[in-house]
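Engineer: Sending over a structure as structure tokens; questions will come in a sec.
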Amino acid sequence: MSTSNATSPSSAPNPQLRVRFAPSPTGFLHVGSARTFIFNWLYARRNAGTMILRLDDTDVERNTEASVNSIFEGLKWLGLGWDEEYRQSERLDLHRKTALAIFEKGLAYRDFTPAHVGDTERSGAAGTWLFNPGMRDLSKEESDRRAAAGEPFALRFRVPRGSGAMVRFNDAVYGEQVKASDDIEDFALLRSDEMPTYHLASCADDADLRISHIIRGQDHLSNTYKHVLIFEAAGYTPPQFAHLPLLVAPDGTKLSKRRHGPVVSVTTYRDAGFLPEAFINFLCLLGWSPKNDREQMSLAELTEAFSLEGINRANAVVNFKEPAATPEETFDSKALWLNAEHIRSLPVDQLSARLLPIVREAGFDVSEEKMLRITPLIRERIKLLSDVLTAADFFFVEQLPPYESAELIPQKGDAAMAEKVLARAREVLAKTDFTHDALDQSLRASAQELGVKAGQMFQPIRVAVCGRKNAPPLFETLEVLGKETVLTRVEQALEKLR
RNA sequence: GGCGCUAUCGUCUAGGGGUUAGGACGGAAGAUUCUCAAUCUUCAAACCCGGGUUCGAUUCCCGGUAGCGCUACCA
């Protein structure tokens, strides 16, 4: 890595650099987790390292297969991939071995206190709970005897006390971190059912998988002291830590499906019509900055620009609206804007290919060719892929949905003018080539002959063929619609006016 | 309660001992086009508070306040 170029992603594989994304499958994949995954992935790719996915599923009570699926579903949509995959539940032997090694060094002890007892006593006026009285100093003989007798116990880390010892680590984002070990409680390593706790399993696996950088949410910043203690007790050098500021809701609280609804779930963005590359782009800008005012960036550009130094320390608000009605007002407006930007920068054929399944899914039978012709007309008019359904609806249907005949009346005109214009249009269009320039010429000429403004000529026709006033440019629209459909719709509009 | 982290426009952020505190989204106004959108121009909008240090602090230090995190045999 010392040889890698500082300004472009290194191509030489870097076997020493290994990062992991380690979700626990106790819920769907939410946007905060997605960002953590993305940052890890970016860091791995930027430095030609290895990206590992590890399911931290040691909490048998809360894990669900549905959650595992939801995580994979979300990650699949992001489309970033990973190089290695593990499940903690398949590595319990390693965790127990690690715990045992720590125990044998005298750095952990058995706690026979029944589970869930201390909660109220612990947080009494005396202050912070640090350990259960008596257990820490149990003699080896008694501890062994009670264990041999089959009494259940949790294994706790024997955190150094009264020595004034300090635990420290250097965080790539938050800098030098120091905490008195007297302030750290004797946390559990193994539960009384012999399952490892998160702290133990996580560290044992990180060490075993030779993780070089732990990039994770800041909610783990204060847990890190415990982790440093575990790494050292087990004889490993702790990896480099980099904690990420949290993503929070507009009310400042952490994202939760219960409180904030589906806006916090990754698949909601997928289903709403976000482009994964736009969503990734948006998430990257939350808590990280390339520091050069760049906003819209491709994956390649993000990969190239990404560095731990660009990560900031304050929590970032995902500015969605809680009581959500339309997508327009639900999602963070920057996410929407970025999505529109990415849509516009997609080549027409690619955008068209992404739109087609959505249109067909909605029940419209549209050919690839036709979609290819429609796409450029709506590309600048949609923010979400699914907007295609409202922006281009009139291209898909045989029969236009009903609209008010008053819509046909042009600016500063009346029903008579609308009728006059449409009658003329019917006549002229019947003998005009349906190409942009020919339509342009004959319709403008007609306007002049009729003594109306171009806009007054175009508007009734637009409404007649699109069913509404706001639509893509007229000539292109007519061209794609085709002469037959256009004439039918103009005829129907004329009937409306009578 | 204890321990810790954080604090620049509404939101995401840049910056940093002396700046007209920059950009973006969103908002407002205008230009432009056959409507809408896109595009372009302009405008409004911020350094949490109090003490230090200093010739000078938004920037450095301390305190306060607020928010968040951890304080489980959850992760």
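Each chain in the structure tokens gets a letter, A, B, ..., in the order shown, and its residues are numbered from 1; ligands are numbered from 1 in order too.
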What's the 8 Å shell around Ser202 in chain A, counting only C-alpha atoms (C1' of nucleotides), without same-chain residues fewer than 4 positions away, as a count of residues only?
Structural biologist: 3
Engineer: Please, which residues of chain B lie no more than 9 Å from chain A when the count uses only C-alpha atoms (C1' of nucleotides), and can they be set out as a list in words?
Structural biologist: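 Listing them in order of chain and number gives G1, G2, C3, G4, C5, U6, A7, U11, C12, U13, A14, G23, A24, C25, G26, C34, U35, C36, A37, A38, G67, C68, G69, C70, U71, A72, C73, C74 and A75 of chain B.
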Engineer: Would you mind reading off the distance between CA of Arg18 in chain A and CA of Ala278 in chain A, one decimal, in Å?
Structural biologist: 26.1 Å
Engineer: Between CA of Pro460 in chain A and CA of Val480 in chain A, measure the distance and give it in Å to one decimal.
Structural biologist: 18.0 Å
Engineer: Leaving out Ser181 in chain A and any residue of its chain fewer than 6 positions from it, which residues lie within 8 Å of it when counting only C-alpha atoms (C1' of nucleotides), given as a ChimeraX atom specification?
Structural biologist: /A:159-161,164-167
Engineer: Take the residues just selected and output them with N, CA and C atoms as a PDB file, in the first residue's frame.
Structural biologist:
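Now in again_34.pdb:
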ATOM      1  N   VAL A 159     -12.088  -6.345  33.844  1.00  0.00           N
ATOM      2  CA  VAL A 159     -11.513  -5.054  33.452  1.00  0.00           C
ATOM      3  C   VAL A 159     -10.611  -4.546  34.577  1.00  0.00           C
ATOM      4  N   PRO A 160      -9.400  -4.119  34.258  1.00  0.00           N
ATOM      5  CA  PRO A 160      -8.469  -3.638  35.291  1.00  0.00           C
ATOM      6  C   PRO A 160      -9.088  -2.518  36.139  1.00  0.00           C
ATOM      7  N   ARG A 161      -8.959  -2.651  37.436  1.00  0.00           N
ATOM      8  CA  ARG A 161      -9.542  -1.634  38.331  1.00  0.00           C
ATOM      9  C   ARG A 161      -8.554  -1.113  39.344  1.00  0.00           C
ATOM     10  N   GLY A 164      -5.551   2.797  37.726  1.00  0.00           N
ATOM     11  CA  GLY A 164      -5.415   4.038  36.962  1.00  0.00           C
ATOM     12  C   GLY A 164      -5.102   3.783  35.511  1.00  0.00           C
ATOM     13  N   ALA A 165      -5.293   2.526  35.082  1.00  0.00           N
ATOM     14  CA  ALA A 165      -4.973   2.186  33.697  1.00  0.00           C
ATOM     15  C   ALA A 165      -5.889   2.913  32.717  1.00  0.00           C
ATOM     16  N   MET A 166      -5.364   3.231  31.573  1.00  0.00           N
ATOM     17  CA  MET A 166      -6.125   3.889  30.528  1.00  0.00           C
ATOM     18  C   MET A 166      -6.207   2.967  29.326  1.00  0.00           C
ATOM     19  N   VAL A 167      -7.369   2.986  28.686  1.00  0.00           N
ATOM     20  CA  VAL A 167      -7.510   2.238  27.438  1.00  0.00           C
ATOM     21  C   VAL A 167      -7.524   3.280  26.340  1.00  0.00           C
TER      22      VAL A 167
END
Engineer: Taking the DSSP assignment computed from this structure's backbone, write out as a PyMOL selection string all residues of range 131-338 of chain A that belong to strand (DSSP E or B).
Structural biologist: chain A and resi 154-157+166-171+175-180+188-190+196+213-217+240-244+247-248+254+265+288+311+316-317
Engineer: What would the file look like if the residues just selected were written as a compact mmCIF listing (two decimals), in the first residue's frame with C-alpha atoms?
Structural biologist:
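Okay, this is what ended up in out_13.txt:
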# COMPACT_ATOMS: atom_id res chain seq x y z
CA ALA A 154 -21.80 -15.84 32.24
CA LEU A 155 -18.17 -15.24 31.48
CA ARG A 156 -17.14 -11.64 32.15
CA PHE A 157 -14.08 -9.72 31.21
CA MET A 166 -6.13 3.89 30.53
CA VAL A 167 -7.51 2.24 27.44
CA ARG A 168 -6.74 4.05 24.23
CA PHE A 169 -7.05 3.84 20.51
CA ASN A 170 -6.73 6.13 17.58
CA ASP A 171 -9.85 6.56 15.55
CA GLY A 175 -8.90 11.00 16.61
CA GLU A 176 -7.18 9.95 19.82
CA GLN A 177 -9.60 8.32 22.26
CA VAL A 178 -8.80 7.62 25.87
CA LYS A 179 -10.88 6.24 28.69
CA ALA A 180 -10.08 5.23 32.25
CA ALA A 188 -19.93 -10.28 29.27
CA LEU A 189 -18.03 -12.44 26.81
CA LEU A 190 -20.15 -15.57 26.99
CA PRO A 196 -20.90 -15.51 22.63
CA HIS A 213 -10.01 -1.54 9.30
CA ILE A 214 -13.27 -1.50 11.16
CA ILE A 215 -15.51 1.11 9.62
CA ARG A 216 -18.83 1.24 11.46
CA GLY A 217 -21.38 3.48 13.09
CA GLN A 240 -7.61 0.54 12.72
CA PHE A 241 -10.97 1.95 13.74
CA ALA A 242 -12.99 4.51 11.83
CA HIS A 243 -16.36 5.47 13.25
CA LEU A 244 -19.01 7.07 11.13
CA LEU A 247 -27.72 9.17 10.25
CA VAL A 248 -30.68 10.61 12.09
CA LYS A 254 -32.08 7.68 15.21
CA SER A 265 -35.67 1.10 4.52
CA TRP A 288 -18.60 12.55 4.01
CA ILE A 311 -15.56 11.78 6.92
CA ALA A 316 -26.37 13.98 9.60
CA VAL A 317 -30.09 14.42 9.17
Engineer: Work out how far CA of Gln492 in chain A is from CA of Ser367 in chain A, in Å to one decimal.
Structural biologist: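 Between these atoms lies a distance of 25.5 Å.
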Engineer: For a quick check of understanding, using only C-alpha atoms, which of A:Gln448, A:Thr375, A:Asn281, A:Asn339 has the smallest distance to Thr477 in chain A?
Structural biologist: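 Between A:Gln448, A:Thr375, A:Asn281, A:Asn339, the residue approaching Thr477 in chain A most closely is A:Thr375.
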Engineer: Determine, counting only C-alpha atoms (C1' of nucleotides), which protein, DNA and RNA residues have an atom within 7 Å of an atom of range 57-66 of chain B; residues of the same chain fewer than 4 positions away are not included. Present the result as a ChimeraX atom specification.
Structural biologist: /B:16-17,47
